[in-house]
Amino acid sequence: EVAKFTKENNGIYELKSLKKLNYLRAIAHETLRFTGSTFNIPRIVLRSDVKLAGYNIPKGAVVLDAYRNFSMNAKFWKDPTTFNPDNHLDGNGMFKKQKAFCGFGMGRRDCPGQSLALRALYLLIGKLLLRYKFELSSDGLKQVNQVENNYDRQTNHYDNIA
């Protein structure tokens, strides 16, 4: 996709063209989803009247978001334990944002640099693909399989902790 696009645009691959590279964007988002790049950042409950999933959460309690549960939950992703960029494409091959994607956190406390980081990632991946040929060695395939077999390494499917 990147090589074809660059060829059609007189060798130009730049920031303003990224919206047209749907599969590249899907690969970047799927990599972030699949590898679990978001850290669970602890939050301290500041009020005494907080309820979460029917539980009373006491003031001063430390709460952890289980972002990995969103990334590997079959409720949100078709076959979540398999790397599949199509998770981020619609029926026409166009990139679509997923509500369960939390590669940079969620809600109003998500990463303020998300947009910049994603653009830099798209540019980097595209430039690497244009300049180098990548092949997966047999050792690399073993490592990929190891990651797939240990997909729940960050959380052990904790739905609620009370």
# chains A, B, ... in the order shown; residues from 1 in each chain; ligands from 1
call {"tool": "closest_atom_pairs", "arguments": {"of": "stretch 42-71 of chain A", "to": "stretch 109-124 of chain A", "cutoff": "12 Å", "atoms": "only C-alpha atoms", "output": "CSV"}}
result
residue,atom,partner,partner_atom,distance
A:Pro42,CA,A:Arg109,CA,11.8
A:Arg43,CA,A:Arg109,CA,10.5
A:Asp65,CA,A:Arg109,CA,11.6
A:Tyr67,CA,A:Asp110,CA,11.6
call {"tool": "write_last_selection", "arguments": {"atoms": "C-alpha atoms", "output": "PDB file, in the first residue's frame"}}
result
ATOM      1  CA  PRO A  42      -3.219   3.616  39.318  1.00  0.00           C
ATOM      2  CA  ARG A  43      -5.856   6.180  40.238  1.00  0.00           C
ATOM      3  CA  ASP A  65      -7.749   0.109  34.842  1.00  0.00           C
ATOM      4  CA  TYR A  67      -6.782  -1.986  29.677  1.00  0.00           C
TER       5      TYR A  67
END
call {"tool": "residues_around", "arguments": {"residues": "stretch 69-78 of chain A", "least_positions_apart": "5", "cutoff": "7 Å", "atoms": "only C-alpha atoms", "output": "PDB file with C-alpha atoms, in the first residue's frame"}}
result
ATOM      1  CA  ARG A  33      -3.781  -3.521  20.651  1.00  0.00           C
ATOM      2  CA  PHE A  34      -2.091  -6.890  20.383  1.00  0.00           C
ATOM      3  CA  ASN A  87     -10.051  -5.404  13.196  1.00  0.00           C
ATOM      4  CA  ALA A 100     -12.398  -0.652  22.676  1.00  0.00           C
ATOM      5  CA  PHE A 101      -8.970   0.470  21.385  1.00  0.00           C
ATOM      6  CA  HIS A 157      -8.648 -11.718  33.075  1.00  0.00           C
TER       7      HIS A 157
END
call {"tool": "residues_around", "arguments": {"residues": "A:Ala3", "least_positions_apart": "6", "cutoff": "12 Å", "atoms": "only C-alpha atoms", "output": "list in words"}}
result
Asn9, Asn10, Gly11, Ile12, Tyr13, Leu21, Leu24, Ile125, Gly126, Lys127, Leu128, Leu129, Leu130, Arg131, Tyr132 and Lys133 of chain A
call {"tool": "write_last_selection", "arguments": {"atoms": "all heavy atoms", "output": "tab-separated table (two decimals), in the first residue's frame"}}
result
chain	number	residue	atom	x	y	z
A	9	ASN	N	2.08	9.19	-6.16
A	9	ASN	CA	2.21	10.58	-5.73
A	9	ASN	C	3.63	11.11	-5.95
A	9	ASN	O	4.15	11.88	-5.13
A	9	ASN	CB	1.80	10.72	-4.27
A	9	ASN	CG	0.31	10.55	-4.09
A	9	ASN	OD1	-0.45	11.46	-4.37
A	9	ASN	ND2	-0.11	9.36	-3.68
A	10	ASN	N	4.24	10.70	-7.06
A	10	ASN	CA	5.56	11.19	-7.47
A	10	ASN	C	6.63	11.03	-6.39
A	10	ASN	O	7.45	11.93	-6.18
A	10	ASN	CB	5.48	12.66	-7.90
A	10	ASN	CG	4.53	12.84	-9.06
A	10	ASN	OD1	4.52	12.03	-9.99
A	10	ASN	ND2	3.72	13.88	-9.01
A	11	GLY	N	6.59	9.90	-5.68
A	11	GLY	CA	7.60	9.62	-4.66
A	11	GLY	C	7.41	10.35	-3.35
A	11	GLY	O	8.28	10.31	-2.49
A	12	ILE	N	6.29	11.03	-3.20
A	12	ILE	CA	6.06	11.81	-1.98
A	12	ILE	C	5.27	10.98	-0.97
A	12	ILE	O	4.22	10.44	-1.26
A	12	ILE	CB	5.31	13.12	-2.30
A	12	ILE	CG1	6.17	14.00	-3.21
A	12	ILE	CG2	4.94	13.86	-1.03
A	12	ILE	CD1	5.48	15.23	-3.72
A	13	TYR	N	5.83	10.91	0.22
A	13	TYR	CA	5.18	10.24	1.35
A	13	TYR	C	5.31	11.21	2.52
A	13	TYR	O	6.39	11.39	3.06
A	13	TYR	CB	5.88	8.91	1.65
A	13	TYR	CG	5.35	8.21	2.87
A	13	TYR	CD1	4.11	7.60	2.85
A	13	TYR	CD2	6.08	8.16	4.05
A	13	TYR	CE1	3.62	6.96	3.96
A	13	TYR	CE2	5.60	7.52	5.17
A	13	TYR	CZ	4.37	6.92	5.12
A	13	TYR	OH	3.88	6.28	6.23
A	21	LEU	N	-3.78	6.06	3.85
A	21	LEU	CA	-3.09	4.78	4.03
A	21	LEU	C	-3.80	3.96	5.11
A	21	LEU	O	-3.32	3.80	6.22
A	21	LEU	CB	-1.62	5.02	4.37
A	21	LEU	CG	-0.85	5.77	3.29
A	21	LEU	CD1	0.51	6.20	3.79
A	21	LEU	CD2	-0.73	4.92	2.04
A	24	LEU	N	-1.99	0.64	6.54
A	24	LEU	CA	-0.86	1.01	7.39
A	24	LEU	C	-1.34	1.45	8.77
A	24	LEU	O	-0.81	1.02	9.79
A	24	LEU	CB	-0.06	2.15	6.74
A	24	LEU	CG	1.07	2.72	7.59
A	24	LEU	CD1	2.27	1.79	7.53
A	24	LEU	CD2	1.45	4.09	7.11
A	125	ILE	N	6.81	3.72	10.21
A	125	ILE	CA	6.54	2.42	9.60
A	125	ILE	C	6.58	2.53	8.07
A	125	ILE	O	7.20	1.70	7.40
A	125	ILE	CB	5.17	1.86	10.05
A	125	ILE	CG1	5.19	1.52	11.54
A	125	ILE	CG2	4.80	0.62	9.24
A	125	ILE	CD1	3.83	1.19	12.12
A	126	GLY	N	5.95	3.55	7.52
A	126	GLY	CA	5.95	3.74	6.08
A	126	GLY	C	7.35	3.92	5.51
A	126	GLY	O	7.71	3.31	4.51
A	127	LYS	N	8.16	4.75	6.15
A	127	LYS	CA	9.53	4.97	5.68
A	127	LYS	C	10.35	3.69	5.76
A	127	LYS	O	11.13	3.39	4.86
A	127	LYS	CB	10.21	6.08	6.48
A	127	LYS	CG	9.64	7.46	6.24
A	127	LYS	CD	10.00	7.97	4.86
A	127	LYS	CE	9.54	9.41	4.70
A	127	LYS	NZ	9.84	9.97	3.40
A	128	LEU	N	10.20	2.95	6.83
A	128	LEU	CA	10.92	1.67	6.96
A	128	LEU	C	10.52	0.70	5.85
A	128	LEU	O	11.37	0.03	5.26
A	128	LEU	CB	10.68	1.05	8.33
A	128	LEU	CG	11.35	1.75	9.52
A	128	LEU	CD1	10.83	1.16	10.84
A	128	LEU	CD2	12.85	1.63	9.44
A	129	LEU	N	9.23	0.62	5.57
A	129	LEU	CA	8.75	-0.28	4.53
A	129	LEU	C	9.25	0.13	3.14
A	129	LEU	O	9.50	-0.72	2.28
A	129	LEU	CB	7.22	-0.34	4.53
A	129	LEU	CG	6.59	-1.04	5.72
A	129	LEU	CD1	5.08	-0.87	5.72
A	129	LEU	CD2	6.97	-2.52	5.74
A	130	LEU	N	9.39	1.43	2.93
A	130	LEU	CA	9.89	1.91	1.63
A	130	LEU	C	11.39	1.65	1.45
A	130	LEU	O	11.84	1.41	0.34
A	130	LEU	CB	9.62	3.41	1.48
A	130	LEU	CG	8.16	3.79	1.25
A	130	LEU	CD1	8.00	5.30	1.36
A	130	LEU	CD2	7.68	3.29	-0.10
A	131	ARG	N	12.13	1.68	2.52
A	131	ARG	CA	13.59	1.60	2.43
A	131	ARG	C	14.17	0.21	2.62
A	131	ARG	O	15.28	-0.06	2.18
A	131	ARG	CB	14.23	2.54	3.44
A	131	ARG	CG	13.99	3.98	3.09
A	131	ARG	CD	14.73	4.91	3.99
A	131	ARG	NE	14.41	6.29	3.61
A	131	ARG	CZ	14.80	7.33	4.27
A	131	ARG	NH1	15.53	7.20	5.35
A	131	ARG	NH2	14.45	8.54	3.86
A	132	TYR	N	13.46	-0.66	3.31
A	132	TYR	CA	14.02	-1.97	3.65
A	132	TYR	C	13.06	-3.09	3.29
A	132	TYR	O	11.86	-2.91	3.24
A	132	TYR	CB	14.32	-2.04	5.16
A	132	TYR	CG	15.27	-0.98	5.63
A	132	TYR	CD1	14.80	0.17	6.27
A	132	TYR	CD2	16.64	-1.10	5.42
A	132	TYR	CE1	15.66	1.16	6.70
A	132	TYR	CE2	17.52	-0.11	5.83
A	132	TYR	CZ	17.02	1.02	6.47
A	132	TYR	OH	17.88	1.99	6.88
A	133	LYS	N	13.63	-4.27	3.11
A	133	LYS	CA	12.84	-5.48	2.89
A	133	LYS	C	12.88	-6.27	4.20
A	133	LYS	O	13.95	-6.55	4.73
A	133	LYS	CB	13.43	-6.31	1.75
A	133	LYS	CG	12.67	-7.58	1.49
A	133	LYS	CD	13.29	-8.38	0.38
A	133	LYS	CE	12.52	-9.69	0.20
A	133	LYS	NZ	13.15	-10.54	-0.79
call {"tool": "atom_distance", "arguments": {"atom1": "atom CA of A:Asp90", "atom2": "atom CA of A:Thr31"}}
result
17.5 Å
call {"tool": "select_by_dssp", "arguments": {"residues": "stretch 94-127 of chain A", "states": "alpha helix (DSSP H)", "output": "list of chain:residue names"}}
result
A:Gln114, A:Ser115, A:Leu116, A:Ala117, A:Leu118, A:Arg119, A:Ala120, A:Leu121, A:Tyr122, A:Leu123, A:Leu124, A:Ile125, A:Gly126, A:Lys127
call {"tool": "atom_distance", "arguments": {"atom1": "atom CA of A:Lys96", "atom2": "atom CA of A:Leu64"}}
result
27.7 Å
call {"tool": "select_by_dssp", "arguments": {"residues": "chain A", "states": "strand (DSSP E or B)", "output": "PyMOL selection string"}}
result
chain A and resi 42-44+50-52+55-57+62-64+89+95+103+105
call {"tool": "residues_around", "arguments": {"residues": "A:Asn22", "least_positions_apart": "3", "cutoff": "7 Å", "atoms": "only C-alpha atoms", "output": "list in words"}}
result
Lys19, Arg25, Ala26, Met94 and Phe95 of chain A
call {"tool": "write_last_selection", "arguments": {"atoms": "all heavy atoms", "output": "CSV table (one decimal), in the first residue's frame"}}
result
chain,number,residue,atom,x,y,z
A,19,LYS,N,-3.9,9.9,6.0
A,19,LYS,CA,-5.3,9.5,6.1
A,19,LYS,C,-5.7,8.5,5.0
A,19,LYS,O,-6.6,7.8,5.1
A,19,LYS,CB,-6.2,10.7,6.1
A,19,LYS,CG,-6.1,11.5,7.3
A,19,LYS,CD,-7.4,11.5,8.0
A,19,LYS,CE,-7.3,12.4,9.2
A,19,LYS,NZ,-7.8,11.9,10.4
A,25,ARG,N,-2.4,2.3,8.8
A,25,ARG,CA,-2.9,2.7,10.1
A,25,ARG,C,-3.5,1.5,10.8
A,25,ARG,O,-3.4,1.5,12.1
A,25,ARG,CB,-4.0,3.8,9.8
A,25,ARG,CG,-3.4,5.1,9.2
A,25,ARG,CD,-4.5,6.0,8.8
A,25,ARG,NE,-5.3,6.5,9.9
A,25,ARG,CZ,-6.5,7.1,9.7
A,25,ARG,NH1,-7.0,7.3,8.5
A,25,ARG,NH2,-7.1,7.6,10.7
A,26,ALA,N,-4.2,0.6,10.1
A,26,ALA,CA,-4.7,-0.6,10.8
A,26,ALA,C,-3.7,-1.4,11.4
A,26,ALA,O,-3.8,-2.0,12.5
A,26,ALA,CB,-5.6,-1.4,9.8
A,94,MET,N,-11.7,0.7,4.6
A,94,MET,CA,-11.3,2.0,5.2
A,94,MET,C,-11.0,1.9,6.7
A,94,MET,O,-11.7,1.1,7.4
A,94,MET,CB,-12.5,3.0,5.0
A,94,MET,CG,-12.9,3.2,3.5
A,94,MET,SD,-11.5,3.9,2.5
A,94,MET,CE,-11.5,5.5,3.1
A,95,PHE,N,-10.1,2.6,7.2
A,95,PHE,CA,-9.7,2.6,8.6
A,95,PHE,C,-10.9,3.1,9.4
A,95,PHE,O,-11.6,4.1,9.0
A,95,PHE,CB,-8.5,3.5,8.8
A,95,PHE,CG,-8.1,3.6,10.3
A,95,PHE,CD1,-7.4,2.5,10.8
A,95,PHE,CD2,-8.5,4.6,11.1
A,95,PHE,CE1,-7.1,2.6,12.2
A,95,PHE,CE2,-8.2,4.7,12.4
A,95,PHE,CZ,-7.4,3.6,13.0
call {"tool": "atom_distance", "arguments": {"atom1": "atom CA of A:Glu30", "atom2": "atom CA of A:Pro85"}}
result
5.3 Å
call {"tool": "residues_around", "arguments": {"residues": "A:Leu46", "least_positions_apart": "4", "cutoff": "9 Å", "atoms": "only C-alpha atoms", "output": "short mmCIF file (atom, residue, chain, number, x, y, z; two decimals) with all heavy atoms, in the first residue's frame"}}
result
data_model
loop_
_atom_site.label_atom_id
_atom_site.label_comp_id
_atom_site.auth_asym_id
_atom_site.auth_seq_id
_atom_site.Cartn_x
_atom_site.Cartn_y
_atom_site.Cartn_z
N VAL A 50 -18.35 6.95 45.40
CA VAL A 50 -18.04 6.35 44.10
C VAL A 50 -18.53 4.90 44.05
O VAL A 50 -18.27 4.11 44.96
CB VAL A 50 -16.53 6.42 43.81
CG1 VAL A 50 -16.19 5.69 42.53
CG2 VAL A 50 -16.07 7.87 43.76
N PRO A 58 -14.25 2.86 48.36
CA PRO A 58 -13.99 3.82 49.43
C PRO A 58 -13.03 4.93 49.02
O PRO A 58 -12.15 4.72 48.18
CB PRO A 58 -13.37 2.95 50.54
CG PRO A 58 -12.84 1.75 49.85
CD PRO A 58 -13.69 1.54 48.63
N LYS A 59 -13.22 6.08 49.60
CA LYS A 59 -12.33 7.21 49.36
C LYS A 59 -10.91 6.79 49.75
O LYS A 59 -10.69 6.14 50.76
CB LYS A 59 -12.78 8.41 50.21
CG LYS A 59 -11.94 9.64 50.00
CD LYS A 59 -12.47 10.81 50.81
CE LYS A 59 -11.62 12.04 50.57
NZ LYS A 59 -12.13 13.20 51.29
N GLY A 60 -9.94 7.14 48.90
CA GLY A 60 -8.54 6.79 49.15
C GLY A 60 -8.12 5.46 48.55
O GLY A 60 -6.93 5.13 48.54
N ALA A 61 -9.08 4.68 48.04
CA ALA A 61 -8.74 3.39 47.42
C ALA A 61 -7.96 3.61 46.13
O ALA A 61 -8.13 4.62 45.45
CB ALA A 61 -10.01 2.59 47.13
#
call {"tool": "closest_residue", "arguments": {"among": "A:Glu8, A:Val2, A:Val62, A:Tyr23", "to": "A:Asp86", "atoms": "only C-alpha atoms"}}
result
A:Tyr23
